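Novice: What follows is a structure written as structure tokens; I'll ask about it next.
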Amino acid sequence: MQKTWRSSVLLAYSLAVLAFLYLPLIILALYSFNDSRINAVWSGFTFKWYQALFQNTRVLEALTNTLIIGFFSTIISTALGTTAAIALHRYHYKFKTVINGLVYLPILIPEIVMGLSLLVLFSQAHLPLGKPTLILAHITFCVSFVVITVGARMEGMRNDLEQAASDLYATPWQTFRYITLPLIMPGIIAGALIAFTLSIDDFVISFFVAGPNSTTLPLYIYAMVKRGISPEINALSTLMMCATVSMVVLAEILQPRHHHRSQEE
Amino acid sequence: MKKYVSLLLFLLLSLLSGCSTGPSGTTTPPKSAPSSQQQTLNLYSWADNFNPEVLAAFEKKYNCKINYDVFANNEELLAKIQAGGSSYDVIQPSDYMVATMIKLKLLEPLEVKALPNTKGIIPALRAPSFDPEGKYSVVYTWGVTGIAYNKKFVKDTPKSWHDLWNPAYKGRLILLNDSREVLGMALKMHGYSNNSTNPAEVQTALKDLQKLMPSILAFDTDTIKQKFIAEEAWIGTMWSGDAYFTYKDNKNIGFVIPEEGATIWADTFAIPKGSKNKELAEKFINYLYDPEVSAKNYEYIGYNDPNEKSEQYHSKEYNNDPFLKAAKDYITKGEWLKDIGDALPMYDKAWTELKTGK
């Protein structure tokens, strides 16, 4: 008897926590289908805000910017992060833990500090602010996440296959290309997806280093709010949320953390 | 060392920008064929601040591309311009920010000869107190902070700021979430300047506002329009442009400028130092004050057109709109918010006291 009482309390508590986390997002998404301009009143179902969104050239421009920046920073940070992860995993050297720590540090540094320091760096180096500076900034924080995901994949991997390959006279490059790379691929893809997600969602750092012709979607949403929250913003936020969630889910599926998965392979 | 770092960054950047122009260029319509003469205008402004058709027409006429980037408040704009390296050509600071930027020498003086259309601007807006010679800025959107009210619930048309203190509106009153606006309103009510630096006057204003606290539904600037449209709020302080906007969605909304006087405000055009294309920037500013263009633009954004010459091109509805008219008739009587320098902490303190109830 007592047991059921306890579990129902636990259930209620869990539901309350979930509601606290997700209710605001659900309401935001619901009101993107609201016929009325005013968020407080529900007056019918409509897709018109989504239509308006896709006719708004400024939004499309911001979307293009976001995708271009996301694309380049993902490619570069994945390449850099993967090579770093391999090197960190394979070689043993002095101060290894310190160097490992340095790689992870950008995750822990407050975004606002990082944004500010990058802005100072760019203006000291006389770099014009714009897409290139945004890409550089995004690479900076994405690399750490790629190193972590690829590193996690390598942790769970033994090196007997690589040894077998070199026993069979494969060159180091062939070993890497045909053995190591395919093995760590799920980690790389997961890392790339996380990097892309972080890049398209980033606000604080982008806020500091954006320049002409580089307004991204998060920056645009922020500026739109100032002019009064319209359901168009709800629609845009809902779309961004869906994109983010699906990419994180995909990355999670590819993550090597699940043990049954690595046994299968 | 620094040299190497910047060299490396430079190489990386030139690589990146080389790659990124490809896909971004496809957003421009058909004639995106690499016409090397096509200039770009970097515009840094508030979101939704123009009629998109007007911007497109300018791009076509001068064979250029406008990069329209947005900021959400003046301080953000200031930070970007101060950091340098952003190379914007046209920016839109508000009144007090123009004064600050002039003081910090961040603005390029405007070439009067390049801006013949701005002669049509209402004289009172041509030499405002924040830029007394009109040398650095041109007023773009402007208006008055007055009282908005819902005729359904507020039966007697408000005439004075004192009407906000009517206990019948308890829990239905909204004030702008801005220390200078709110304290300035209470100062005006007593016939003082909204830029008063006299501690006794500011204290009087604070005392009155504290009495008003129980009536207040919210201090709100961002969603004030929604609250009025949804009739959550019955009465409150509002900018004339927002009132016009609100009225379109709820015909019960009225707008008055109280007899004691009110604050006027403006967003402007200015050219920051470091603009790479001052000539095109001036062409752009001039273009927007072309009477026909300006009529088209202001009809869309719903603010008062500062250009007297464009009146004939406006719709009857726009010209006779009571809200816009009220603001226009008032322009010579209103008072701008000025940079009050050392007195600002006094306002901040009063504002904190008001909001925390101490």
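Letters A, B, ... go to the chains of the structure tokens in the order shown; residues in each chain start at 1; ligands are counted from 1 in the same order.
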Identify all chain A residues at most 9 Å from chain B by counting only C-alpha atoms; ligands do not count. Present them as a short mmCIF file (atom, residue, chain, number, x, y, z; two decimals) with C-alpha atoms, in the first residue's frame.
Specialist:
```cif
data_model
loop_
_atom_site.label_atom_id
_atom_site.label_comp_id
_atom_site.auth_asym_id
_atom_site.auth_seq_id
_atom_site.Cartn_x
_atom_site.Cartn_y
_atom_site.Cartn_z
CA ARG A 37 -1.78 38.24 -33.58
CA ILE A 38 -2.05 38.41 -29.84
CA ASN A 39 -0.41 35.66 -27.90
CA ALA A 40 -2.96 35.78 -25.09
CA VAL A 41 -6.03 34.89 -27.12
CA THR A 57 13.35 37.95 -47.16
CA ARG A 58 15.10 39.08 -43.96
CA LEU A 60 15.49 33.84 -45.29
CA GLU A 61 18.68 35.87 -45.36
CA THR A 64 21.11 31.46 -45.20
CA ASN A 65 23.69 33.14 -42.99
CA ILE A 68 26.58 28.98 -44.21
CA ILE A 69 28.20 29.69 -40.86
CA PHE A 72 31.81 25.91 -42.49
CA LEU A 119 35.70 40.50 -30.01
CA VAL A 120 38.77 42.09 -28.43
CA PHE A 122 39.37 40.43 -33.67
CA SER A 123 39.43 44.17 -33.27
CA GLN A 124 43.07 44.07 -32.14
CA ALA A 125 43.96 42.07 -35.22
CA HIS A 126 41.92 44.55 -37.32
CA LEU A 127 39.72 41.82 -38.69
CA PRO A 128 36.47 43.17 -40.09
CA LEU A 129 33.55 41.63 -38.21
CA GLY A 130 31.30 39.49 -40.37
CA LYS A 131 30.74 35.91 -41.43
CA PRO A 132 34.43 34.94 -41.23
CA THR A 133 34.76 36.11 -37.63
CA ILE A 135 32.86 31.11 -38.30
CA LEU A 136 36.15 31.41 -36.42
CA PHE A 208 29.64 39.91 -29.91
CA VAL A 209 31.39 38.98 -33.12
CA ALA A 210 28.67 39.48 -35.76
CA GLY A 211 29.18 42.21 -38.31
CA PRO A 212 27.63 43.37 -41.57
CA ASN A 213 25.73 40.72 -43.51
CA SER A 214 26.04 38.11 -40.78
CA THR A 215 22.83 38.32 -38.76
CA LEU A 219 20.24 37.28 -33.41
CA TYR A 220 17.29 38.06 -35.65
CA TYR A 222 16.21 38.59 -30.43
CA ALA A 223 15.92 41.83 -32.39
CA MET A 224 12.38 40.96 -33.51
CA VAL A 225 11.21 40.53 -29.93
CA LYS A 226 12.02 44.16 -29.28
CA ARG A 227 9.44 45.20 -31.84
CA GLY A 228 6.71 43.20 -30.13
CA ILE A 229 6.40 39.44 -30.05
#
```
Novice: Can you tell me which residues surround region 309-314 of chain B at a distance of at most 7 Å, considering only C-alpha atoms, apart from same-chain residues fewer than 3 positions away, and format the answer as a list in words?
Specialist: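 Those residues are Gly120, Pro291, Glu292, Ser294, Ala295, Tyr318 and Asn319 of chain B.
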Novice: Using N, CA and C atoms, can you export the residues from the last selection as a compact mmCIF listing (two decimals), in the first residue's frame?
Specialist:
```txt
# COMPACT_ATOMS: atom_id res chain seq x y z
N GLY B 120 13.04 68.83 -46.59
CA GLY B 120 11.61 68.73 -46.37
C GLY B 120 11.23 68.38 -44.94
N PRO B 291 10.01 62.55 -51.37
CA PRO B 291 8.61 62.60 -50.90
C PRO B 291 7.80 61.35 -51.19
N GLU B 292 7.92 60.83 -52.42
CA GLU B 292 7.10 59.66 -52.77
C GLU B 292 7.57 58.42 -52.03
N SER B 294 9.24 58.32 -49.24
CA SER B 294 9.00 58.42 -47.81
C SER B 294 7.53 58.15 -47.48
N ALA B 295 6.60 58.59 -48.37
CA ALA B 295 5.18 58.30 -48.14
C ALA B 295 4.97 56.79 -48.10
N TYR B 318 -4.07 58.07 -43.60
CA TYR B 318 -2.85 58.36 -42.86
C TYR B 318 -2.80 59.82 -42.44
N ASN B 319 -3.11 60.71 -43.38
CA ASN B 319 -3.04 62.15 -43.07
C ASN B 319 -4.02 62.57 -41.98
```
Novice: Residues at most 10 Å from region 322-339 of chain B, counting only C-alpha atoms, excluding those fewer than 4 positions away in the same chain, as a compact mmCIF listing (two decimals) with all heavy atoms, in the first residue's frame?
Specialist:
```txt
# COMPACT_ATOMS: atom_id res chain seq x y z
N ASP B 95 17.69 59.36 -30.07
CA ASP B 95 18.08 60.71 -29.69
C ASP B 95 19.28 60.81 -28.74
O ASP B 95 20.33 61.32 -29.09
CB ASP B 95 16.86 61.43 -29.09
CG ASP B 95 16.00 60.51 -28.25
OD1 ASP B 95 16.57 59.72 -27.48
OD2 ASP B 95 14.75 60.55 -28.38
N TYR B 96 19.12 60.26 -27.51
CA TYR B 96 20.19 60.44 -26.52
C TYR B 96 21.48 59.75 -26.95
O TYR B 96 22.58 60.18 -26.60
CB TYR B 96 19.74 59.96 -25.15
CG TYR B 96 19.64 58.46 -25.02
CD1 TYR B 96 20.69 57.72 -24.47
CD2 TYR B 96 18.51 57.77 -25.45
CE1 TYR B 96 20.60 56.34 -24.35
CE2 TYR B 96 18.42 56.40 -25.33
CZ TYR B 96 19.46 55.69 -24.78
OH TYR B 96 19.38 54.34 -24.68
N MET B 97 21.33 58.65 -27.71
CA MET B 97 22.52 57.92 -28.15
C MET B 97 23.29 58.73 -29.20
O MET B 97 24.51 58.62 -29.29
CB MET B 97 22.11 56.55 -28.69
CG MET B 97 23.26 55.61 -28.98
SD MET B 97 24.50 55.48 -27.67
CE MET B 97 23.63 54.53 -26.43
N VAL B 98 22.58 59.54 -29.98
CA VAL B 98 23.27 60.42 -30.93
C VAL B 98 24.19 61.34 -30.16
O VAL B 98 25.38 61.50 -30.49
CB VAL B 98 22.26 61.23 -31.76
CG1 VAL B 98 22.98 62.26 -32.62
CG2 VAL B 98 21.42 60.33 -32.63
N ALA B 99 23.67 61.93 -29.07
CA ALA B 99 24.47 62.85 -28.26
C ALA B 99 25.71 62.13 -27.72
O ALA B 99 26.83 62.65 -27.78
CB ALA B 99 23.62 63.41 -27.12
N THR B 100 25.49 60.92 -27.20
CA THR B 100 26.62 60.15 -26.66
C THR B 100 27.65 59.87 -27.74
O THR B 100 28.86 60.02 -27.52
CB THR B 100 26.11 58.81 -26.09
OG1 THR B 100 25.04 59.10 -25.20
CG2 THR B 100 27.20 58.08 -25.35
N ILE B 122 10.38 68.56 -41.11
CA ILE B 122 9.77 69.56 -40.22
C ILE B 122 10.87 70.32 -39.47
O ILE B 122 11.76 69.70 -38.88
CB ILE B 122 8.87 68.86 -39.17
CG1 ILE B 122 7.78 68.04 -39.88
CG2 ILE B 122 8.26 69.86 -38.20
CD1 ILE B 122 7.03 67.11 -38.97
N PRO B 123 10.85 71.67 -39.52
CA PRO B 123 11.94 72.45 -38.92
C PRO B 123 12.28 72.03 -37.48
O PRO B 123 13.45 71.95 -37.13
CB PRO B 123 11.41 73.87 -38.97
CG PRO B 123 10.46 73.87 -40.11
CD PRO B 123 9.86 72.51 -40.17
N ALA B 124 11.26 71.73 -36.68
CA ALA B 124 11.52 71.40 -35.29
C ALA B 124 12.37 70.14 -35.15
O ALA B 124 13.01 69.92 -34.12
CB ALA B 124 10.21 71.20 -34.55
N LEU B 125 12.36 69.32 -36.20
CA LEU B 125 13.13 68.07 -36.12
C LEU B 125 14.51 68.20 -36.77
O LEU B 125 15.31 67.28 -36.75
CB LEU B 125 12.37 66.94 -36.82
CG LEU B 125 11.07 66.49 -36.15
CD1 LEU B 125 10.34 65.51 -37.04
CD2 LEU B 125 11.36 65.88 -34.80
N PRO B 128 17.37 69.22 -33.45
CA PRO B 128 16.94 68.80 -32.12
C PRO B 128 18.06 68.98 -31.08
O PRO B 128 19.23 69.09 -31.46
CB PRO B 128 16.62 67.32 -32.30
CG PRO B 128 17.46 66.90 -33.45
CD PRO B 128 17.61 68.09 -34.34
N SER B 129 17.69 69.00 -29.83
CA SER B 129 18.68 69.34 -28.81
C SER B 129 19.83 68.33 -28.72
O SER B 129 20.91 68.66 -28.29
CB SER B 129 18.00 69.46 -27.44
OG SER B 129 17.52 68.20 -27.07
N PHE B 130 19.60 67.09 -29.17
CA PHE B 130 20.69 66.12 -29.08
C PHE B 130 21.74 66.31 -30.17
O PHE B 130 22.83 65.76 -30.12
CB PHE B 130 20.15 64.67 -29.09
CG PHE B 130 19.24 64.36 -30.25
CD1 PHE B 130 19.77 64.00 -31.47
CD2 PHE B 130 17.87 64.43 -30.09
CE1 PHE B 130 18.94 63.70 -32.53
CE2 PHE B 130 17.03 64.14 -31.16
CZ PHE B 130 17.56 63.78 -32.38
N TRP B 142 9.90 59.25 -35.28
CA TRP B 142 9.81 60.08 -34.08
C TRP B 142 8.39 60.03 -33.56
O TRP B 142 7.47 59.58 -34.25
CB TRP B 142 10.22 61.52 -34.38
CG TRP B 142 9.29 62.16 -35.37
CD1 TRP B 142 9.36 62.04 -36.73
CD2 TRP B 142 8.16 62.96 -35.07
NE1 TRP B 142 8.32 62.73 -37.29
CE2 TRP B 142 7.58 63.32 -36.30
CE3 TRP B 142 7.58 63.44 -33.89
CZ2 TRP B 142 6.44 64.10 -36.39
CZ3 TRP B 142 6.45 64.23 -33.97
CH2 TRP B 142 5.89 64.55 -35.22
N GLY B 143 8.21 60.49 -32.35
CA GLY B 143 6.87 60.50 -31.80
C GLY B 143 6.87 61.08 -30.40
O GLY B 143 7.87 61.64 -29.94
N VAL B 144 5.72 60.92 -29.74
CA VAL B 144 5.52 61.49 -28.42
C VAL B 144 5.10 60.37 -27.48
O VAL B 144 4.39 59.45 -27.89
CB VAL B 144 4.39 62.55 -28.47
CG1 VAL B 144 4.24 63.25 -27.13
CG2 VAL B 144 4.64 63.55 -29.57
N THR B 145 5.53 60.45 -26.24
CA THR B 145 5.04 59.51 -25.24
C THR B 145 3.79 60.12 -24.59
O THR B 145 3.88 61.15 -23.93
CB THR B 145 6.10 59.25 -24.15
OG1 THR B 145 7.31 58.92 -24.80
CG2 THR B 145 5.66 58.14 -23.24
N GLY B 146 2.65 59.50 -24.83
CA GLY B 146 1.40 60.03 -24.29
C GLY B 146 0.66 58.96 -23.50
O GLY B 146 1.26 57.99 -23.05
N ALA B 148 -2.18 56.09 -23.61
CA ALA B 148 -3.07 55.24 -24.38
C ALA B 148 -4.13 54.72 -23.43
O ALA B 148 -3.83 54.43 -22.27
CB ALA B 148 -2.29 54.09 -25.01
N ARG B 180 13.94 56.78 -17.41
CA ARG B 180 13.84 58.17 -17.84
C ARG B 180 12.42 58.51 -18.28
O ARG B 180 11.91 59.60 -18.02
CB ARG B 180 14.84 58.45 -18.98
CG ARG B 180 16.30 58.39 -18.59
CD ARG B 180 16.71 59.52 -17.66
NE ARG B 180 16.37 60.85 -18.14
CZ ARG B 180 17.11 61.56 -18.98
NH1 ARG B 180 18.23 61.07 -19.45
NH2 ARG B 180 16.73 62.77 -19.37
N GLU B 181 11.77 57.59 -18.98
CA GLU B 181 10.40 57.84 -19.44
C GLU B 181 9.45 57.99 -18.25
O GLU B 181 8.64 58.90 -18.21
CB GLU B 181 9.92 56.68 -20.33
CG GLU B 181 10.53 56.67 -21.72
CD GLU B 181 9.80 57.59 -22.70
OE1 GLU B 181 8.99 58.43 -22.28
OE2 GLU B 181 10.08 57.46 -23.91
N GLY B 184 10.43 60.89 -16.01
CA GLY B 184 10.21 62.09 -16.81
C GLY B 184 8.72 62.44 -16.87
O GLY B 184 8.34 63.61 -16.81
N LYS B 188 7.13 65.87 -15.53
CA LYS B 188 6.30 66.71 -16.39
C LYS B 188 4.97 67.05 -15.74
O LYS B 188 4.45 68.16 -15.88
CB LYS B 188 6.04 65.96 -17.72
CG LYS B 188 7.16 66.08 -18.70
CD LYS B 188 6.98 67.34 -19.52
CE LYS B 188 8.23 67.64 -20.33
NZ LYS B 188 8.31 69.06 -20.68
N SER B 193 11.06 69.99 -15.80
CA SER B 193 11.65 69.43 -17.02
C SER B 193 11.87 67.93 -16.85
O SER B 193 12.18 67.47 -15.76
CB SER B 193 13.00 70.11 -17.28
OG SER B 193 13.78 69.29 -18.12
N ASN B 194 11.71 67.17 -17.96
CA ASN B 194 11.98 65.73 -17.87
C ASN B 194 13.48 65.44 -17.83
O ASN B 194 13.89 64.29 -17.78
CB ASN B 194 11.30 64.96 -19.01
CG ASN B 194 11.63 65.52 -20.36
OD1 ASN B 194 12.40 66.48 -20.48
ND2 ASN B 194 11.04 64.96 -21.41
N ASN B 195 14.29 66.53 -17.88
CA ASN B 195 15.73 66.36 -17.73
C ASN B 195 16.20 66.97 -16.41
O ASN B 195 17.38 67.29 -16.26
CB ASN B 195 16.47 67.04 -18.88
CG ASN B 195 16.14 66.39 -20.21
OD1 ASN B 195 16.35 65.21 -20.39
ND2 ASN B 195 15.57 67.17 -21.12
N SER B 196 15.28 67.15 -15.48
CA SER B 196 15.60 67.84 -14.23
C SER B 196 16.79 67.19 -13.52
O SER B 196 16.89 65.97 -13.42
CB SER B 196 14.39 67.79 -13.31
OG SER B 196 14.77 68.24 -12.03
N TRP B 239 4.20 55.07 -26.64
CA TRP B 239 4.73 55.88 -27.74
C TRP B 239 3.65 56.01 -28.82
O TRP B 239 2.93 55.06 -29.10
CB TRP B 239 5.96 55.20 -28.33
CG TRP B 239 7.09 55.10 -27.38
CD1 TRP B 239 7.46 56.03 -26.45
CD2 TRP B 239 8.02 54.02 -27.23
NE1 TRP B 239 8.56 55.59 -25.75
CE2 TRP B 239 8.93 54.37 -26.21
CE3 TRP B 239 8.20 52.80 -27.88
CZ2 TRP B 239 9.97 53.54 -25.81
CZ3 TRP B 239 9.24 51.98 -27.48
CH2 TRP B 239 10.12 52.35 -26.47
N SER B 240 3.61 57.18 -29.45
CA SER B 240 2.54 57.43 -30.43
C SER B 240 2.55 56.40 -31.57
O SER B 240 1.49 55.97 -32.01
CB SER B 240 2.66 58.85 -30.99
OG SER B 240 3.98 59.13 -31.38
N GLY B 241 3.72 56.00 -32.03
CA GLY B 241 3.79 55.01 -33.12
C GLY B 241 3.19 53.67 -32.70
O GLY B 241 2.46 53.04 -33.46
N ASP B 242 3.47 53.26 -31.46
CA ASP B 242 2.91 52.01 -30.93
C ASP B 242 1.40 52.12 -30.79
O ASP B 242 0.67 51.16 -31.02
CB ASP B 242 3.52 51.68 -29.57
CG ASP B 242 4.86 50.96 -29.71
OD1 ASP B 242 5.26 50.70 -30.85
OD2 ASP B 242 5.47 50.66 -28.67
N ALA B 243 0.93 53.31 -30.39
CA ALA B 243 -0.51 53.51 -30.20
C ALA B 243 -1.23 53.34 -31.54
O ALA B 243 -2.28 52.71 -31.62
CB ALA B 243 -0.77 54.90 -29.63
N TYR B 244 -0.65 53.89 -32.59
CA TYR B 244 -1.22 53.77 -33.93
C TYR B 244 -1.32 52.30 -34.34
O TYR B 244 -2.32 51.83 -34.84
CB TYR B 244 -0.33 54.55 -34.91
CG TYR B 244 -0.76 54.48 -36.36
CD1 TYR B 244 -1.92 55.13 -36.78
CD2 TYR B 244 0.01 53.81 -37.30
CE1 TYR B 244 -2.30 55.08 -38.10
CE2 TYR B 244 -0.36 53.76 -38.63
CZ TYR B 244 -1.51 54.39 -39.02
OH TYR B 244 -1.88 54.35 -40.34
N PHE B 245 -0.24 51.59 -34.04
CA PHE B 245 -0.17 50.16 -34.34
C PHE B 245 -1.23 49.38 -33.56
O PHE B 245 -1.94 48.53 -34.09
CB PHE B 245 1.24 49.68 -33.95
CG PHE B 245 1.55 48.28 -34.34
CD1 PHE B 245 2.17 48.02 -35.55
CD2 PHE B 245 1.23 47.22 -33.51
CE1 PHE B 245 2.47 46.73 -35.92
CE2 PHE B 245 1.53 45.92 -33.87
CZ PHE B 245 2.14 45.68 -35.09
N TYR B 247 -4.01 50.53 -32.25
CA TYR B 247 -5.34 50.92 -32.69
C TYR B 247 -5.81 50.08 -33.88
O TYR B 247 -6.98 49.73 -33.99
CB TYR B 247 -5.32 52.41 -33.06
CG TYR B 247 -6.59 52.89 -33.71
CD1 TYR B 247 -7.75 53.11 -32.95
CD2 TYR B 247 -6.62 53.16 -35.07
CE1 TYR B 247 -8.91 53.55 -33.55
CE2 TYR B 247 -7.79 53.60 -35.68
CZ TYR B 247 -8.92 53.78 -34.92
OH TYR B 247 -10.07 54.21 -35.51
N GLY B 254 -7.61 54.64 -27.57
CA GLY B 254 -7.46 56.07 -27.81
C GLY B 254 -6.09 56.52 -27.35
O GLY B 254 -5.39 55.81 -26.62
N PHE B 255 -5.69 57.71 -27.80
CA PHE B 255 -4.36 58.20 -27.45
C PHE B 255 -4.43 59.71 -27.23
O PHE B 255 -4.98 60.43 -28.07
CB PHE B 255 -3.38 57.88 -28.57
CG PHE B 255 -1.97 58.32 -28.30
CD1 PHE B 255 -1.17 57.65 -27.38
CD2 PHE B 255 -1.43 59.42 -28.97
CE1 PHE B 255 0.13 58.05 -27.14
CE2 PHE B 255 -0.13 59.83 -28.73
CZ PHE B 255 0.65 59.14 -27.82
N VAL B 256 -3.92 60.19 -26.11
CA VAL B 256 -3.91 61.63 -25.87
C VAL B 256 -2.53 62.06 -25.38
O VAL B 256 -1.80 61.27 -24.79
CB VAL B 256 -4.94 62.05 -24.81
CG1 VAL B 256 -6.35 61.96 -25.34
CG2 VAL B 256 -4.77 61.27 -23.53
N ILE B 257 -2.24 63.32 -25.63
CA ILE B 257 -1.02 63.90 -25.08
C ILE B 257 -1.44 64.84 -23.95
O ILE B 257 -2.16 65.81 -24.19
CB ILE B 257 -0.23 64.66 -26.15
CG1 ILE B 257 0.18 63.67 -27.26
CG2 ILE B 257 0.99 65.32 -25.56
CD1 ILE B 257 0.65 64.32 -28.51
N GLY B 261 2.33 68.45 -20.77
CA GLY B 261 3.50 68.31 -21.64
C GLY B 261 4.02 66.89 -21.61
O GLY B 261 3.67 66.10 -20.73
N ALA B 262 4.85 66.55 -22.59
CA ALA B 262 5.29 65.16 -22.70
C ALA B 262 6.68 65.08 -23.32
O ALA B 262 7.22 66.06 -23.82
CB ALA B 262 4.30 64.38 -23.55
N THR B 263 7.21 63.88 -23.27
CA THR B 263 8.53 63.60 -23.84
C THR B 263 8.40 63.28 -25.32
O THR B 263 7.52 62.53 -25.71
CB THR B 263 9.14 62.39 -23.11
OG1 THR B 263 9.29 62.71 -21.74
CG2 THR B 263 10.49 62.01 -23.69
N ILE B 264 9.29 63.85 -26.13
CA ILE B 264 9.35 63.43 -27.53
C ILE B 264 10.65 62.68 -27.75
O ILE B 264 11.64 62.89 -27.05
CB ILE B 264 9.23 64.61 -28.53
CG1 ILE B 264 10.16 65.74 -28.15
CG2 ILE B 264 7.80 65.10 -28.61
CD1 ILE B 264 10.19 66.85 -29.16
N TRP B 265 10.66 61.81 -28.74
CA TRP B 265 11.82 60.95 -28.96
C TRP B 265 11.97 60.72 -30.46
O TRP B 265 11.03 60.96 -31.23
CB TRP B 265 11.65 59.61 -28.24
CG TRP B 265 10.28 59.05 -28.44
CD1 TRP B 265 9.22 59.19 -27.61
CD2 TRP B 265 9.79 58.34 -29.58
NE1 TRP B 265 8.11 58.60 -28.15
CE2 TRP B 265 8.43 58.06 -29.35
CE3 TRP B 265 10.38 57.89 -30.76
CZ2 TRP B 265 7.65 57.37 -30.28
CZ3 TRP B 265 9.60 57.20 -31.67
CH2 TRP B 265 8.24 56.94 -31.42
N ALA B 266 13.12 60.26 -30.86
CA ALA B 266 13.36 59.99 -32.29
C ALA B 266 14.44 58.95 -32.47
O ALA B 266 15.36 58.84 -31.66
CB ALA B 266 13.76 61.27 -33.00
N GLY B 302 4.08 52.84 -40.19
CA GLY B 302 3.07 53.39 -39.29
C GLY B 302 3.57 54.41 -38.30
O GLY B 302 2.97 54.60 -37.24
N TYR B 303 4.68 55.05 -38.61
CA TYR B 303 5.14 56.14 -37.75
C TYR B 303 4.89 57.48 -38.43
O TYR B 303 4.57 57.52 -39.61
CB TYR B 303 6.64 55.98 -37.45
CG TYR B 303 6.93 55.05 -36.31
CD1 TYR B 303 6.98 53.67 -36.51
CD2 TYR B 303 7.13 55.54 -35.03
CE1 TYR B 303 7.23 52.82 -35.46
CE2 TYR B 303 7.41 54.69 -33.97
CZ TYR B 303 7.44 53.33 -34.19
OH TYR B 303 7.69 52.49 -33.16
N ASN B 304 5.08 58.55 -37.67
CA ASN B 304 4.93 59.88 -38.23
C ASN B 304 6.01 60.15 -39.28
O ASN B 304 7.19 59.97 -39.02
CB ASN B 304 5.11 60.92 -37.13
CG ASN B 304 3.83 61.15 -36.37
OD1 ASN B 304 3.59 60.49 -35.38
ND2 ASN B 304 3.01 62.05 -36.85
N ASP B 305 5.57 60.61 -40.44
CA ASP B 305 6.51 60.98 -41.49
C ASP B 305 7.10 62.36 -41.15
O ASP B 305 6.35 63.32 -41.00
CB ASP B 305 5.76 61.03 -42.84
CG ASP B 305 6.71 61.12 -44.01
OD1 ASP B 305 7.84 61.61 -43.81
OD2 ASP B 305 6.32 60.70 -45.12
N PRO B 306 8.42 62.46 -41.01
CA PRO B 306 8.99 63.77 -40.68
C PRO B 306 9.06 64.71 -41.89
O PRO B 306 9.36 65.89 -41.75
CB PRO B 306 10.40 63.42 -40.20
CG PRO B 306 10.73 62.15 -40.88
CD PRO B 306 9.44 61.41 -41.09
N GLU B 317 -6.35 58.42 -45.15
CA GLU B 317 -6.45 57.75 -43.85
C GLU B 317 -5.25 58.09 -42.96
O GLU B 317 -5.38 58.39 -41.79
CB GLU B 317 -6.54 56.24 -44.08
CG GLU B 317 -6.93 55.46 -42.86
CD GLU B 317 -6.50 54.00 -42.99
OE1 GLU B 317 -6.05 53.58 -44.07
OE2 GLU B 317 -6.62 53.29 -41.99
N TYR B 318 -4.07 58.07 -43.60
CA TYR B 318 -2.85 58.36 -42.86
C TYR B 318 -2.80 59.82 -42.44
O TYR B 318 -2.50 60.15 -41.29
CB TYR B 318 -1.65 58.00 -43.74
CG TYR B 318 -0.29 58.21 -43.09
CD1 TYR B 318 0.35 57.18 -42.43
CD2 TYR B 318 0.36 59.45 -43.14
CE1 TYR B 318 1.59 57.36 -41.84
CE2 TYR B 318 1.59 59.64 -42.56
CZ TYR B 318 2.20 58.60 -41.91
OH TYR B 318 3.43 58.79 -41.32
N ALA B 343 23.82 63.32 -13.31
CA ALA B 343 22.56 63.16 -12.59
C ALA B 343 21.95 61.78 -12.83
O ALA B 343 20.99 61.39 -12.17
CB ALA B 343 21.57 64.24 -13.01
N LEU B 344 22.52 61.03 -13.76
CA LEU B 344 21.94 59.73 -14.11
C LEU B 344 21.86 58.76 -12.92
O LEU B 344 20.83 58.13 -12.71
CB LEU B 344 22.72 59.10 -15.26
CG LEU B 344 22.03 57.91 -15.94
CD1 LEU B 344 20.69 58.30 -16.52
CD2 LEU B 344 22.91 57.32 -17.03
```
Novice: Just list as a ChimeraX atom specification whatever in region 2-238 of chain A DSSP marks as helix (DSSP H, G or I).
Specialist: /A:2-31,48-55,57-90,96-108,111-124,131-155,160-167,172-201,204-209,217-226,231-238
Novice: State, in Å with one decimal place, the distance from CA of Thr82 (chain A) to CA of Pro186 (chain A).
Specialist: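 That distance, rounded to one decimal, is 11.7 Å.
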Novice: Name the residues of region 166-272 of chain B that fall into strand (DSSP E or B) according to DSSP on the backbone, using the chain letters and numbers of this document, as a ChimeraX atom specification.
Specialist: /B:173-175,216-219,235-239,253-256,263-272
Novice: Please report the interatomic distance between CA of Glu162 (chain A) and CA of Ile179 (chain A) in Å with one decimal.
Specialist: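 The value is 6.4 Å.
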Novice: So that I can check the surroundings of region 105-113 of chain A, please list as an MDAnalysis selection string every protein, DNA and RNA residue that reaches within 8 Å of it, counting only C-alpha atoms and ignoring chain neighbours fewer than 6 positions away.
Specialist: chainID A and resid 140:141 144:145 204:205
Novice: Set the distance at 9 Å and use only C-alpha atoms: which residues neighbour Ser32 (chain A) once local chain neighbours fewer than 2 positions away are removed? I'd like the list as number ranges by chain.
Specialist: A: 27-30, 34-35, 39, 46-47, 49-50, 230-238
Novice: Just to confirm, what's the straight-line distance from CA of Lys251 (chain B) to CA of Asn320 (chain B) in Å (one decimal)?
Specialist: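 Going from CA of Lys251 (chain B) over to CA of Asn320 (chain B) covers 15.5 Å.
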Novice: Find the residues around Ile271 (chain B) up to 12 Å (only C-alpha atoms counted), leave out those fewer than 3 positions away in its own chain, and share them as a VMD selection string.
Specialist: chain B and resid 41 to 45 81 87 to 93 98 101 to 102 105 to 111 135 to 138 268 274 to 285
